[in-house]
>>> print(open('entry.tsv').read())   # TSV, C-alpha atoms and all ligand atoms
chain	number	residue	atom	x	y	z
X	10	MET	CA	78.84	-142.64	-144.67
X	11	ARG	CA	80.26	-139.89	-146.85
X	12	ILE	CA	82.54	-138.05	-144.46
X	13	LEU	CA	84.28	-134.72	-144.96
X	14	ILE	CA	87.25	-134.09	-142.69
X	15	LEU	CA	88.34	-130.49	-142.50
X	16	GLY	CA	91.96	-131.34	-141.79
X	17	GLY	CA	93.10	-134.94	-142.07
X	18	THR	CA	96.75	-134.29	-142.86
X	19	ARG	CA	98.10	-134.87	-139.36
X	20	PHE	CA	97.56	-136.65	-136.05
X	21	LEU	CA	93.88	-136.75	-135.00
X	22	GLY	CA	92.29	-135.74	-138.30
X	23	ARG	CA	94.52	-138.22	-140.13
X	24	ALA	CA	93.62	-140.96	-137.64
X	25	VAL	CA	89.91	-140.27	-138.17
X	26	ALA	CA	90.40	-140.42	-141.95
X	27	GLN	CA	92.45	-143.62	-141.78
X	28	LEU	CA	89.99	-145.42	-139.52
X	29	ALA	CA	87.02	-144.24	-141.58
X	30	ILE	CA	88.61	-145.75	-144.68
X	31	GLU	CA	89.24	-149.02	-142.83
X	32	GLN	CA	85.57	-149.03	-141.78
X	33	GLY	CA	84.53	-148.68	-145.42
X	34	HIS	CA	83.38	-145.06	-145.42
X	35	ASP	CA	83.82	-142.64	-148.30
X	36	VAL	CA	86.37	-140.12	-147.01
X	37	THR	CA	87.30	-136.65	-148.24
X	38	CYS	CA	90.02	-134.60	-146.52
X	39	ALA	CA	90.13	-130.87	-147.22
X	40	ALA	CA	93.32	-129.06	-146.18
X	41	ARG	CA	96.34	-127.37	-147.73
X	42	GLY	CA	98.64	-130.40	-147.47
X	43	VAL	CA	101.21	-128.34	-145.56
X	44	SER	CA	101.18	-130.25	-142.26
X	45	GLY	CA	101.39	-133.66	-143.89
X	46	VAL	CA	99.48	-135.90	-146.26
X	47	ALA	CA	96.02	-137.37	-146.02
X	48	PRO	CA	95.89	-141.18	-145.82
X	49	ALA	CA	96.12	-143.13	-149.06
X	50	LYS	CA	92.62	-143.98	-150.32
X	51	ALA	CA	91.17	-140.77	-148.91
X	52	ARG	CA	90.21	-138.23	-151.51
X	53	PHE	CA	92.30	-135.13	-150.88
X	54	VAL	CA	90.89	-131.73	-151.84
X	55	PRO	CA	93.48	-128.96	-151.56
X	56	VAL	CA	91.93	-125.87	-149.98
X	57	ASP	CA	93.24	-122.88	-148.09
X	58	ARG	CA	90.66	-121.96	-145.49
X	59	ASP	CA	91.97	-118.39	-145.32
X	60	ASP	CA	89.88	-118.03	-148.48
X	61	SER	CA	86.29	-117.54	-147.31
X	62	GLU	CA	84.90	-119.30	-150.42
X	63	ALA	CA	87.33	-122.24	-150.48
X	64	LEU	CA	84.82	-124.83	-149.27
X	65	VAL	CA	81.84	-123.64	-151.31
X	66	PRO	CA	82.52	-126.09	-154.20
X	67	LEU	CA	82.03	-128.99	-151.73
X	68	ALA	CA	78.56	-127.86	-150.63
X	69	ASP	CA	76.54	-130.00	-153.01
X	70	GLU	CA	78.45	-133.24	-152.54
X	71	GLY	CA	75.98	-134.70	-150.07
X	72	PHE	CA	78.22	-135.40	-147.09
X	73	ASP	CA	76.60	-137.20	-144.17
X	74	ALA	CA	79.06	-135.85	-141.65
X	75	VAL	CA	81.73	-133.19	-141.22
X	76	VAL	CA	84.59	-133.40	-138.72
X	77	ASP	CA	86.37	-130.08	-138.17
X	78	VAL	CA	89.55	-129.72	-136.09
X	79	THR	CA	90.21	-126.03	-136.64
X	80	ARG	CA	91.55	-123.54	-134.09
X	81	GLN	CA	90.83	-120.50	-136.31
X	82	VAL	CA	87.49	-118.77	-135.75
X	83	SER	CA	87.25	-117.47	-139.32
X	84	HIS	CA	87.98	-120.93	-140.75
X	85	ALA	CA	85.12	-122.37	-138.73
X	86	ARG	CA	82.75	-119.58	-139.77
X	87	TYR	CA	83.57	-119.95	-143.48
X	88	ALA	CA	83.05	-123.72	-143.26
X	89	LEU	CA	79.72	-123.31	-141.49
X	90	ALA	CA	78.53	-120.72	-143.99
X	91	ALA	CA	79.42	-122.98	-146.92
X	92	LEU	CA	78.37	-126.39	-145.60
X	93	ALA	CA	76.09	-126.29	-142.54
X	94	ASP	CA	72.88	-126.49	-144.58
X	95	HIS	CA	74.18	-129.38	-146.66
X	96	VAL	CA	75.34	-131.98	-144.10
X	97	ASP	CA	73.45	-134.05	-141.56
X	98	ASN	CA	75.89	-134.02	-138.70
X	99	TRP	CA	78.70	-131.69	-137.62
X	100	SER	CA	81.46	-132.75	-135.25
X	101	PHE	CA	83.82	-130.14	-133.91
X	102	VAL	CA	86.98	-131.14	-132.08
X	103	SER	CA	87.36	-128.66	-129.26
X	104	THR	CA	89.57	-128.88	-126.19
X	105	ILE	CA	89.47	-129.00	-122.40
X	106	SER	CA	91.41	-125.71	-122.61
X	107	VAL	CA	87.97	-124.05	-122.93
X	108	TYR	CA	87.44	-124.44	-119.18
X	109	ALA	CA	87.75	-121.51	-116.81
X	110	ASP	CA	88.53	-123.63	-113.75
X	111	ASN	CA	91.63	-125.83	-114.03
X	112	THR	CA	91.85	-126.48	-110.31
X	113	THR	CA	88.77	-128.49	-109.32
X	114	PRO	CA	88.93	-132.23	-110.06
X	115	GLY	CA	85.92	-134.25	-111.24
X	116	GLN	CA	84.23	-131.65	-113.46
X	117	THR	CA	82.09	-132.57	-116.47
X	118	ALA	CA	81.22	-130.69	-119.65
X	119	ALA	CA	77.67	-130.37	-118.33
X	120	ASP	CA	78.59	-128.37	-115.25
X	121	ALA	CA	81.98	-126.71	-115.79
X	122	PRO	CA	82.22	-122.99	-116.57
X	123	VAL	CA	84.02	-122.05	-119.78
X	124	LEU	CA	86.11	-119.05	-120.78
X	125	ALA	CA	84.58	-116.05	-122.51
X	126	PRO	CA	84.73	-116.22	-126.32
X	127	ALA	CA	87.72	-114.66	-128.10
X	128	PRO	CA	87.57	-110.90	-128.66
X	129	PRO	CA	86.45	-109.94	-132.18
X	130	ASP	CA	89.98	-109.01	-133.28
X	131	VAL	CA	91.43	-112.41	-132.28
X	132	ASP	CA	91.07	-115.15	-134.88
X	133	GLY	CA	93.35	-117.87	-133.56
X	134	PRO	CA	95.96	-118.83	-130.97
X	135	VAL	CA	98.89	-116.43	-130.77
X	136	GLY	CA	102.55	-117.02	-129.96
X	137	PRO	CA	104.46	-119.92	-128.43
X	138	ASP	CA	102.14	-120.09	-125.42
X	139	ASN	CA	99.04	-120.36	-127.66
X	140	ARG	CA	97.39	-117.33	-126.11
X	141	TRP	CA	93.63	-117.26	-126.86
X	142	TYR	CA	93.53	-120.96	-127.83
X	143	GLY	CA	90.74	-121.84	-125.39
X	144	GLU	CA	88.81	-118.66	-126.11
X	145	CYS	CA	88.93	-119.30	-129.88
X	146	LYS	CA	87.61	-122.82	-129.35
X	147	VAL	CA	84.77	-121.35	-127.23
X	148	SER	CA	83.92	-118.97	-130.10
X	149	ILE	CA	83.89	-121.84	-132.58
X	150	GLU	CA	81.76	-124.03	-130.33
X	151	GLN	CA	79.20	-121.22	-130.12
X	152	ALA	CA	79.25	-120.69	-133.88
X	153	VAL	CA	78.68	-124.42	-134.49
X	154	ARG	CA	75.74	-124.58	-132.07
X	155	GLU	CA	74.19	-121.44	-133.55
X	156	ARG	CA	74.62	-122.36	-137.20
X	157	VAL	CA	74.11	-126.15	-137.15
X	158	GLY	CA	71.90	-126.43	-134.07
X	159	VAL	CA	72.50	-128.42	-130.89
X	160	ASP	CA	70.60	-131.44	-132.26
X	161	ARG	CA	72.93	-131.94	-135.22
X	162	SER	CA	76.23	-131.01	-133.64
X	163	PHE	CA	78.72	-132.94	-131.54
X	164	ILE	CA	81.24	-130.84	-129.64
X	165	CYS	CA	84.10	-133.05	-128.46
X	166	ARG	CA	86.42	-131.31	-125.99
X	167	ALA	CA	89.53	-133.41	-126.28
X	168	GLY	CA	91.89	-133.90	-123.39
X	169	LEU	CA	95.56	-134.62	-123.97
X	170	ILE	CA	95.70	-136.75	-127.12
X	171	VAL	CA	98.44	-139.39	-127.26
X	172	GLY	CA	99.50	-142.25	-129.50
X	173	ALA	CA	101.01	-142.82	-132.92
X	174	GLU	CA	101.93	-139.68	-134.89
X	175	ASP	CA	101.81	-137.47	-131.78
X	176	PRO	CA	103.41	-134.20	-132.92
X	177	SER	CA	104.12	-133.11	-129.33
X	178	ASP	CA	106.98	-134.00	-126.97
X	179	ARG	CA	104.65	-135.04	-124.13
X	180	PHE	CA	103.69	-138.73	-124.08
X	181	PRO	CA	106.65	-139.64	-126.37
X	182	TYR	CA	109.01	-138.27	-123.68
X	183	TRP	CA	107.90	-140.94	-121.22
X	184	VAL	CA	108.07	-143.69	-123.82
X	185	ARG	CA	111.61	-142.65	-124.72
X	186	ARG	CA	112.65	-142.12	-121.10
X	187	LEU	CA	111.37	-145.42	-119.73
X	188	SER	CA	112.75	-147.37	-122.63
X	189	ALA	CA	116.21	-145.80	-122.00
X	190	GLY	CA	116.29	-147.28	-118.46
X	191	GLY	CA	118.44	-146.18	-115.52
X	192	GLU	CA	117.23	-143.98	-112.67
X	193	VAL	CA	114.13	-142.12	-113.85
X	194	LEU	CA	113.08	-138.79	-112.36
X	195	ALA	CA	109.36	-139.15	-111.58
X	196	PRO	CA	107.79	-135.78	-110.83
X	197	GLY	CA	105.48	-135.02	-107.91
X	198	ARG	CA	103.73	-137.79	-106.01
X	199	PRO	CA	102.83	-141.31	-107.18
X	200	THR	CA	99.16	-140.53	-106.46
X	201	ASP	CA	98.98	-137.39	-108.64
X	202	ARG	CA	96.39	-137.76	-111.40
X	203	VAL	CA	97.08	-137.87	-115.10
X	204	GLN	CA	94.57	-138.17	-117.93
X	205	PHE	CA	94.68	-138.53	-121.70
X	206	VAL	CA	93.00	-140.23	-124.63
X	207	ASP	CA	94.50	-142.47	-127.28
X	208	VAL	CA	94.21	-140.84	-130.70
X	209	ALA	CA	92.78	-144.05	-132.16
X	210	ASP	CA	90.10	-144.26	-129.44
X	211	LEU	CA	89.13	-140.64	-129.99
X	212	ALA	CA	88.99	-141.20	-133.76
X	213	ALA	CA	86.77	-144.25	-133.24
X	214	TRP	CA	84.44	-142.28	-130.99
X	215	LEU	CA	84.17	-139.40	-133.47
X	216	LEU	CA	83.16	-141.87	-136.19
X	217	ARG	CA	80.72	-143.68	-133.92
X	218	ALA	CA	79.22	-140.33	-132.92
X	219	ALA	CA	78.77	-139.36	-136.56
X	220	GLY	CA	77.18	-142.73	-137.35
X	221	THR	CA	74.77	-142.61	-134.42
X	222	ARG	CA	74.21	-138.86	-134.73
X	223	LEU	CA	75.31	-138.25	-131.20
X	224	SER	CA	74.73	-134.61	-130.32
X	225	GLY	CA	75.75	-132.43	-127.41
X	226	THR	CA	78.95	-131.37	-125.71
X	227	TYR	CA	81.31	-133.89	-124.11
X	228	ASP	CA	84.85	-134.13	-122.87
X	229	GLY	CA	86.84	-136.49	-125.06
X	230	THR	CA	89.23	-138.03	-122.62
X	231	GLY	CA	89.81	-141.35	-120.88
X	232	PRO	CA	89.59	-142.05	-117.15
X	233	ALA	CA	92.21	-140.40	-114.96
X	234	MET	CA	94.87	-142.61	-113.39
X	235	SER	CA	97.69	-142.11	-110.92
X	236	ARG	CA	101.11	-141.09	-112.21
X	237	ALA	CA	102.49	-144.26	-110.62
X	238	ASP	CA	100.11	-146.31	-112.77
X	239	LEU	CA	101.03	-144.27	-115.83
X	240	LEU	CA	104.76	-144.80	-115.43
X	241	ALA	CA	104.36	-148.46	-114.51
X	242	GLY	CA	102.02	-148.92	-117.47
X	243	VAL	CA	104.41	-147.25	-119.92
X	244	ALA	CA	107.22	-149.46	-118.65
X	245	ALA	CA	105.07	-152.58	-118.88
X	246	GLY	CA	104.01	-151.72	-122.44
X	247	LEU	CA	107.68	-151.45	-123.37
X	248	GLY	CA	108.52	-154.74	-121.64
X	249	VAL	CA	110.61	-152.95	-118.98
X	250	ALA	CA	110.32	-154.73	-115.64
X	251	ASP	CA	110.67	-152.75	-112.41
X	252	PRO	CA	111.57	-149.25	-113.61
X	253	ASP	CA	113.89	-147.43	-111.21
X	254	LEU	CA	111.74	-144.42	-110.32
X	255	THR	CA	112.84	-141.64	-107.98
X	256	TRP	CA	109.92	-139.45	-106.95
X	257	VAL	CA	110.93	-135.81	-106.59
X	258	ASP	CA	108.86	-133.14	-104.84
X	259	GLN	CA	107.15	-130.53	-106.96
X	260	GLU	CA	108.57	-127.61	-104.99
X	261	PHE	CA	112.11	-128.93	-105.41
X	262	LEU	CA	111.59	-129.34	-109.16
X	263	LEU	CA	110.28	-125.80	-109.45
X	264	SER	CA	113.29	-124.52	-107.46
X	265	GLN	CA	115.54	-126.25	-110.03
X	266	ASP	CA	113.76	-124.51	-112.93
X	267	VAL	CA	112.29	-127.78	-114.16
X	268	ARG	CA	109.25	-126.79	-116.21
X	269	GLU	CA	105.74	-128.13	-116.36
X	270	TRP	CA	103.71	-129.84	-119.09
X	271	SER	CA	105.89	-129.71	-122.22
X	272	GLY	CA	108.82	-128.06	-123.96
X	273	GLU	CA	112.44	-127.48	-123.14
X	274	ARG	CA	113.52	-128.53	-119.62
X	275	ALA	CA	110.00	-129.79	-118.89
X	276	LEU	CA	108.74	-133.01	-117.40
X	277	PRO	CA	105.77	-133.68	-119.67
X	278	LEU	CA	102.35	-134.37	-118.21
X	279	TRP	CA	103.51	-132.85	-114.92
X	280	VAL	CA	101.62	-129.75	-113.73
X	281	ARG	CA	101.80	-127.85	-110.48
X	282	LEU	CA	99.23	-128.80	-107.85
X	283	PRO	CA	96.79	-127.80	-106.54
X	284	GLU	CA	96.55	-125.02	-109.15
X	285	TRP	CA	96.19	-127.44	-112.09
X	286	GLY	CA	94.53	-130.29	-110.21
X	287	GLY	CA	91.47	-130.28	-112.49
X	288	LEU	CA	93.32	-130.37	-115.82
X	289	MET	CA	94.00	-134.11	-115.85
X	290	ASP	CA	91.28	-135.24	-113.49
X	291	ARG	CA	88.02	-134.67	-115.31
X	292	ASP	CA	85.05	-137.00	-115.00
X	293	ALA	CA	85.27	-139.34	-118.00
X	294	ARG	CA	81.99	-141.14	-117.30
X	295	PRO	CA	79.76	-139.10	-119.64
X	296	ALA	CA	82.08	-139.86	-122.56
X	297	LEU	CA	82.38	-143.54	-121.65
X	298	ASP	CA	78.59	-143.79	-121.31
X	299	ALA	CA	78.21	-142.12	-124.72
X	300	GLY	CA	80.43	-144.61	-126.53
X	301	LEU	CA	84.08	-143.69	-125.98
X	302	ALA	CA	85.93	-147.00	-125.65
X	303	VAL	CA	89.38	-146.90	-124.10
X	304	ARG	CA	92.11	-149.40	-125.00
X	305	PRO	CA	94.66	-150.72	-122.49
X	306	LEU	CA	97.57	-148.36	-121.83
X	307	ALA	CA	100.04	-150.99	-123.04
X	308	ASP	CA	98.46	-150.85	-126.52
X	309	THR	CA	98.86	-147.06	-126.62
X	310	VAL	CA	102.49	-147.38	-125.52
X	311	ARG	CA	103.26	-150.01	-128.16
X	312	ALA	CA	101.60	-147.97	-130.93
X	313	THR	CA	103.54	-144.87	-129.88
X	314	ALA	CA	106.84	-146.74	-129.58
X	315	SER	CA	106.43	-148.43	-132.99
X	316	TRP	CA	105.73	-145.13	-134.64
X	317	MET	CA	108.71	-143.49	-132.88
X	318	THR	CA	110.98	-146.27	-134.07
X	319	ALA	CA	109.68	-146.17	-137.62
X	320	HIS	CA	109.71	-142.36	-137.94
X	321	PRO	CA	112.54	-141.02	-135.76
X	322	ALA	CA	112.75	-137.76	-137.68
X	323	ALA	CA	109.08	-137.00	-136.93
X	324	VAL	CA	109.45	-137.38	-133.16
X	325	ARG	CA	109.81	-134.10	-131.31
X	326	GLN	CA	112.72	-134.19	-128.87
X	327	GLY	CA	111.51	-132.14	-125.93
X	328	GLY	CA	111.48	-132.57	-122.21
X	329	LEU	CA	114.26	-132.74	-119.68
X	330	ASP	CA	117.63	-133.39	-121.23
X	331	PRO	CA	119.34	-136.58	-119.86
X	332	ALA	CA	122.29	-134.61	-118.42
X	333	ASP	CA	119.92	-132.16	-116.71
X	334	GLU	CA	117.90	-135.06	-115.30
X	335	VAL	CA	121.05	-136.57	-113.76
X	336	ALA	CA	122.02	-133.18	-112.30
X	337	VAL	CA	118.57	-132.64	-110.75
X	338	LEU	CA	118.55	-136.16	-109.30
X	339	ARG	CA	122.04	-135.64	-107.82
X	340	GLU	CA	120.98	-132.38	-106.21
X	341	TRP	CA	117.80	-134.02	-104.86
X	342	GLN	CA	119.83	-136.82	-103.22
X	343	ALA	CA	122.20	-134.23	-101.75
X	344	VAL	CA	119.32	-132.21	-100.28
X	345	ARG	CA	117.72	-135.33	-98.81
X	346	SER	CA	120.93	-136.54	-97.20
X	347	ARG	CA	121.61	-133.21	-95.48
K	1	LIG	N1	97.07	-132.72	-129.35
K	1	LIG	C1	96.43	-132.64	-128.22
K	1	LIG	O1	96.86	-133.16	-127.18
K	1	LIG	C2	95.09	-131.92	-128.19
K	1	LIG	C3	94.47	-131.76	-126.97
K	1	LIG	C4	93.19	-131.18	-126.93
K	1	LIG	C5	92.60	-130.77	-128.11
K	1	LIG	N2	93.25	-130.91	-129.28
K	1	LIG	C6	92.57	-130.52	-130.50
K	1	LIG	O2	92.50	-131.67	-131.29
K	1	LIG	C7	92.62	-131.31	-132.65
K	1	LIG	C8	93.83	-132.02	-133.23
K	1	LIG	O3	93.65	-132.00	-134.56
K	1	LIG	P1	94.69	-132.59	-135.58
K	1	LIG	O4	95.74	-133.31	-134.83
K	1	LIG	O5	93.94	-133.29	-136.65
K	1	LIG	O6	95.20	-131.32	-136.33
K	1	LIG	P2	95.83	-129.95	-136.00
K	1	LIG	O7	97.16	-130.15	-135.42
K	1	LIG	O8	94.88	-129.10	-135.30
K	1	LIG	O9	96.00	-129.48	-137.53
K	1	LIG	C9	95.09	-128.65	-138.17
K	1	LIG	C10	94.58	-129.24	-139.48
K	1	LIG	O10	93.98	-128.17	-140.19
K	1	LIG	C11	94.63	-127.99	-141.43
K	1	LIG	N3	94.81	-126.56	-141.73
K	1	LIG	C12	95.52	-125.67	-141.02
K	1	LIG	N4	95.48	-124.46	-141.62
K	1	LIG	C13	94.73	-124.62	-142.74
K	1	LIG	C14	94.32	-123.74	-143.78
K	1	LIG	N5	94.69	-122.45	-143.83
K	1	LIG	N6	93.54	-124.25	-144.75
K	1	LIG	C15	93.18	-125.55	-144.75
K	1	LIG	N7	93.52	-126.42	-143.79
K	1	LIG	C16	94.29	-125.97	-142.81
K	1	LIG	C17	95.98	-128.67	-141.30
K	1	LIG	O11	96.38	-129.18	-142.57
K	1	LIG	P3	97.39	-128.41	-143.56
K	1	LIG	O12	98.42	-127.73	-142.72
K	1	LIG	O13	97.94	-129.55	-144.37
K	1	LIG	O14	96.56	-127.47	-144.34
K	1	LIG	C18	95.68	-129.81	-140.33
K	1	LIG	O15	95.22	-130.96	-141.01
K	1	LIG	C19	92.75	-129.82	-132.70
K	1	LIG	O16	91.47	-129.28	-132.84
K	1	LIG	C20	93.27	-129.47	-131.33
K	1	LIG	O17	92.88	-128.19	-130.96
K	1	LIG	C21	94.49	-131.47	-129.35
>>> encode(input="entry.tsv", output="structure tokens")
Amino acid sequence: MRILILGGTRFLGRAVAQLAIEQGHDVTCAARGVSGVAPAKARFVPVDRDDSEALVPLADEGFDAVVDVTRQVSHARYALAALADHVDNWSFVSTISVYADNTTPGQTAADAPVLAPAPPDVDGPVGPDNRWYGECKVSIEQAVRERVGVDRSFICRAGLIVGAEDPSDRFPYWVRRLSAGGEVLAPGRPTDRVQFVDVADLAAWLLRAAGTRLSGTYDGTGPAMSRADLLAGVAAGLGVADPDLTWVDQEFLLSQDVREWSGERALPLWVRLPEWGGLMDRDARPALDAGLAVRPLADTVRATASWMTAHPAAVRQGGLDPADEVAVLREWQAVRSR
């Protein structure tokens, strides 16, 4: 296939480009080159998508498939205007943040309500909390369906993406923490659900979808698992036997100003329940039935750990600081012994 990746200079887009090259496809990445570099052997076309005409010169190149990862509504619209009539298949990487209900477990793309589209004066996510992110993705999904048609478009609503080159502090926190050893603060209950997709598995599915002309809207995430299985699996992937986990109640963590999901003083992949009980417990069967293949957790852990070791400067150092973790654990033991 001749594949055009709108992006390709970091994480998922780069993984799609790299795998496509390994599979023998002809790969073009169009981006500014600000976030990183496209893989060697991909053709890199420098473009700034703020320019509405930037992609027009690529229109007559005869691409079989486009993969777009944008979060900016105008960028998507410019790309569609320039290219939609010239490519066979359009894949758009959306997000499970499009959903209106984050509480109910077991939802699928086919039945879950989504947010309203972004207001006309909002073009992309705003501020550190990414306000309007989900709404902008809804707007782009609609634009893709309208301009390309539902039969030629694949909307892939990614869940939490993990693995090598992860620019976030989420999954890497647990790899770092379990490899450090000692008493590990495990948030919530062992049975709480967590869910994610390996970047390499998602990349492989996007390429398979382009090759088979899969159309429609799917969640792009693996099966949910318990947090106990996640932490045991991360430890096992690192070769750590019997991690020393101390499970700490959600309400206690919140009372100690430990934060959810990601960032400073957060325990990544932990969200308050039941409010966020649907976020990491979606029904993965439609994606699995449509070709998403999921590798063993240990492989994801090893790929993440190797990358973290090889590129320490690229790893984001977020999450609960070790001294804060010790302090919270000490306070928890004190409360329990009272
Ligand atoms: N990470 C997660 O856990 C997660 C979860 C759910 C969904 N998602 C979605 O998954 C996708 C992840 O994509 P990703 O990791 O490949 O990339 P990304 O982090 O979304 O990066 C955006 C890409 O677009 C390019 N870009 C940005 N501004 C541009 C401009 N003005 N002109 C041209 N290119 C521009 C960037 O390259 P340059 O800066 O080099 O131009 C980069 O390659 C996103 O759509 C995200 O919303 C992520």
>>> residues_near_ligand(input="entry.tsv", ligand="ligand LIG 1 (chain K)", cutoff="6 Å", atoms="all atoms listed in the file", output="short mmCIF file (atom, residue, chain, number, x, y, z; two decimals) with C-alpha atoms, in the coordinates of the input")
data_model
loop_
_atom_site.label_atom_id
_atom_site.label_comp_id
_atom_site.auth_asym_id
_atom_site.auth_seq_id
_atom_site.Cartn_x
_atom_site.Cartn_y
_atom_site.Cartn_z
CA GLY X 16 91.96 -131.34 -141.79
CA GLY X 17 93.10 -134.94 -142.07
CA THR X 18 96.75 -134.29 -142.86
CA ARG X 19 98.10 -134.87 -139.36
CA PHE X 20 97.56 -136.65 -136.05
CA LEU X 21 93.88 -136.75 -135.00
CA GLY X 22 92.29 -135.74 -138.30
CA ALA X 40 93.32 -129.06 -146.18
CA ARG X 41 96.34 -127.37 -147.73
CA GLY X 42 98.64 -130.40 -147.47
CA VAL X 43 101.21 -128.34 -145.56
CA SER X 44 101.18 -130.25 -142.26
CA GLY X 45 101.39 -133.66 -143.89
CA VAL X 56 91.93 -125.87 -149.98
CA ASP X 57 93.24 -122.88 -148.09
CA ARG X 58 90.66 -121.96 -145.49
CA ASP X 59 91.97 -118.39 -145.32
CA VAL X 78 89.55 -129.72 -136.09
CA THR X 79 90.21 -126.03 -136.64
CA ARG X 80 91.55 -123.54 -134.09
CA VAL X 102 86.98 -131.14 -132.08
CA SER X 103 87.36 -128.66 -129.26
CA THR X 104 89.57 -128.88 -126.19
CA ALA X 167 89.53 -133.41 -126.28
CA GLY X 168 91.89 -133.90 -123.39
CA LEU X 169 95.56 -134.62 -123.97
CA ILE X 170 95.70 -136.75 -127.12
#
>>> atom_distance(input="entry.tsv", atom1="atom CA of X:His95", atom2="atom CA of X:Pro126")
26.4 Å
>>> residues_around(input="entry.tsv", residues="X:Pro196", least_positions_apart="4", cutoff="12 Å", atoms="all atoms listed in the file", output="short mmCIF file (atom, residue, chain, number, x, y, z; two decimals) with C-alpha atoms, in the frame of the given file")
data_model
loop_
_atom_site.label_atom_id
_atom_site.label_comp_id
_atom_site.auth_asym_id
_atom_site.auth_seq_id
_atom_site.Cartn_x
_atom_site.Cartn_y
_atom_site.Cartn_z
CA TRP X 183 107.90 -140.94 -121.22
CA THR X 200 99.16 -140.53 -106.46
CA ASP X 201 98.98 -137.39 -108.64
CA ARG X 202 96.39 -137.76 -111.40
CA VAL X 203 97.08 -137.87 -115.10
CA SER X 235 97.69 -142.11 -110.92
CA ARG X 236 101.11 -141.09 -112.21
CA ALA X 237 102.49 -144.26 -110.62
CA LEU X 239 101.03 -144.27 -115.83
CA LEU X 240 104.76 -144.80 -115.43
CA LEU X 254 111.74 -144.42 -110.32
CA THR X 255 112.84 -141.64 -107.98
CA TRP X 256 109.92 -139.45 -106.95
CA VAL X 257 110.93 -135.81 -106.59
CA ASP X 258 108.86 -133.14 -104.84
CA GLN X 259 107.15 -130.53 -106.96
CA GLU X 260 108.57 -127.61 -104.99
CA PHE X 261 112.11 -128.93 -105.41
CA LEU X 262 111.59 -129.34 -109.16
CA LEU X 263 110.28 -125.80 -109.45
CA VAL X 267 112.29 -127.78 -114.16
CA ARG X 268 109.25 -126.79 -116.21
CA GLU X 269 105.74 -128.13 -116.36
CA TRP X 270 103.71 -129.84 -119.09
CA ALA X 275 110.00 -129.79 -118.89
CA LEU X 276 108.74 -133.01 -117.40
CA PRO X 277 105.77 -133.68 -119.67
CA LEU X 278 102.35 -134.37 -118.21
CA TRP X 279 103.51 -132.85 -114.92
CA VAL X 280 101.62 -129.75 -113.73
CA ARG X 281 101.80 -127.85 -110.48
CA LEU X 282 99.23 -128.80 -107.85
CA LEU X 329 114.26 -132.74 -119.68
CA GLU X 334 117.90 -135.06 -115.30
CA VAL X 337 118.57 -132.64 -110.75
CA LEU X 338 118.55 -136.16 -109.30
CA TRP X 341 117.80 -134.02 -104.86
#
>>> atom_distance(input="entry.tsv", atom1="atom CA of X:Arg294", atom2="atom CA of X:Asp160")
21.2 Å
>>> closest_residue(input="entry.tsv", among="X:Gln27, X:Ser224, X:Ser83, X:Ser148", to="X:Asp60", atoms="only C-alpha atoms")
X:Ser83
>>> closest_residue(input="entry.tsv", among="X:Pro331, X:Pro129, X:Gly172, X:Gly225", to="X:Asp308", atoms="only C-alpha atoms")
X:Gly172
>>> closest_residue(input="entry.tsv", among="X:Met289, X:Val82, X:Val159, X:Ala119", to="X:Asp132", atoms="all atoms listed in the file")
X:Val82
>>> closest_residue(input="entry.tsv", among="X:Gly327, X:Gly191, X:Pro114, X:Pro232", to="X:Gln204", atoms="all atoms listed in the file")
X:Pro232
>>> closest_residue(input="entry.tsv", among="X:Leu288, X:Val65, X:Ala322, X:Ala307", to="X:Thr113", atoms="all atoms listed in the file")
X:Leu288
>>> atom_distance(input="entry.tsv", atom1="atom CA of X:Arg52", atom2="atom CA of X:Asp73")
15.5 Å
>>> residues_around(input="entry.tsv", residues="X:Gly143", least_positions_apart="3", cutoff="6 Å", atoms="only C-alpha atoms", output="list in words")
Ser106, Val107 and Lys146 of chain X
>>> closest_residue(input="entry.tsv", among="X:Leu92, X:Ala233, X:Val171, X:Val344", to="X:Ala209", atoms="all atoms listed in the file")
X:Val171
>>> residues_near_point(input="entry.tsv", point="(86.8, -133.5, -145.7)", cutoff="9 Å", atoms="only C-alpha atoms", output="list in words")
Ile12, Leu13, Ile14, Leu15, Gly16, Gly17, Ala26, Val36, Thr37, Cys38, Ala39, Ala40, Arg52, Phe53, Val54, Leu67, Phe72, Val75, Val76 and Asp77 of chain X
>>> residues_around(input="entry.tsv", residues="X:Arg217", least_positions_apart="6", cutoff="10 Å", atoms="all atoms listed in the file", output="PyMOL selection string")
chain X and resi 29+211+223+299-301
>>> residues_around(input="entry.tsv", residues="X:Gly33", least_positions_apart="5", cutoff="10 Å", atoms="only C-alpha atoms", output="CSV table (one decimal) with C-alpha atoms, in the frame of the given file")
chain,number,residue,atom,x,y,z
X,10,MET,CA,78.8,-142.6,-144.7
X,11,ARG,CA,80.3,-139.9,-146.8
X,28,LEU,CA,90.0,-145.4,-139.5
>>> residues_near_point(input="entry.tsv", point="(84.4, -129.3, -119.6)", cutoff="8 Å", atoms="all atoms listed in the file", output="ChimeraX atom specification")
/X:105,107-108,116-123,166,227-228,291
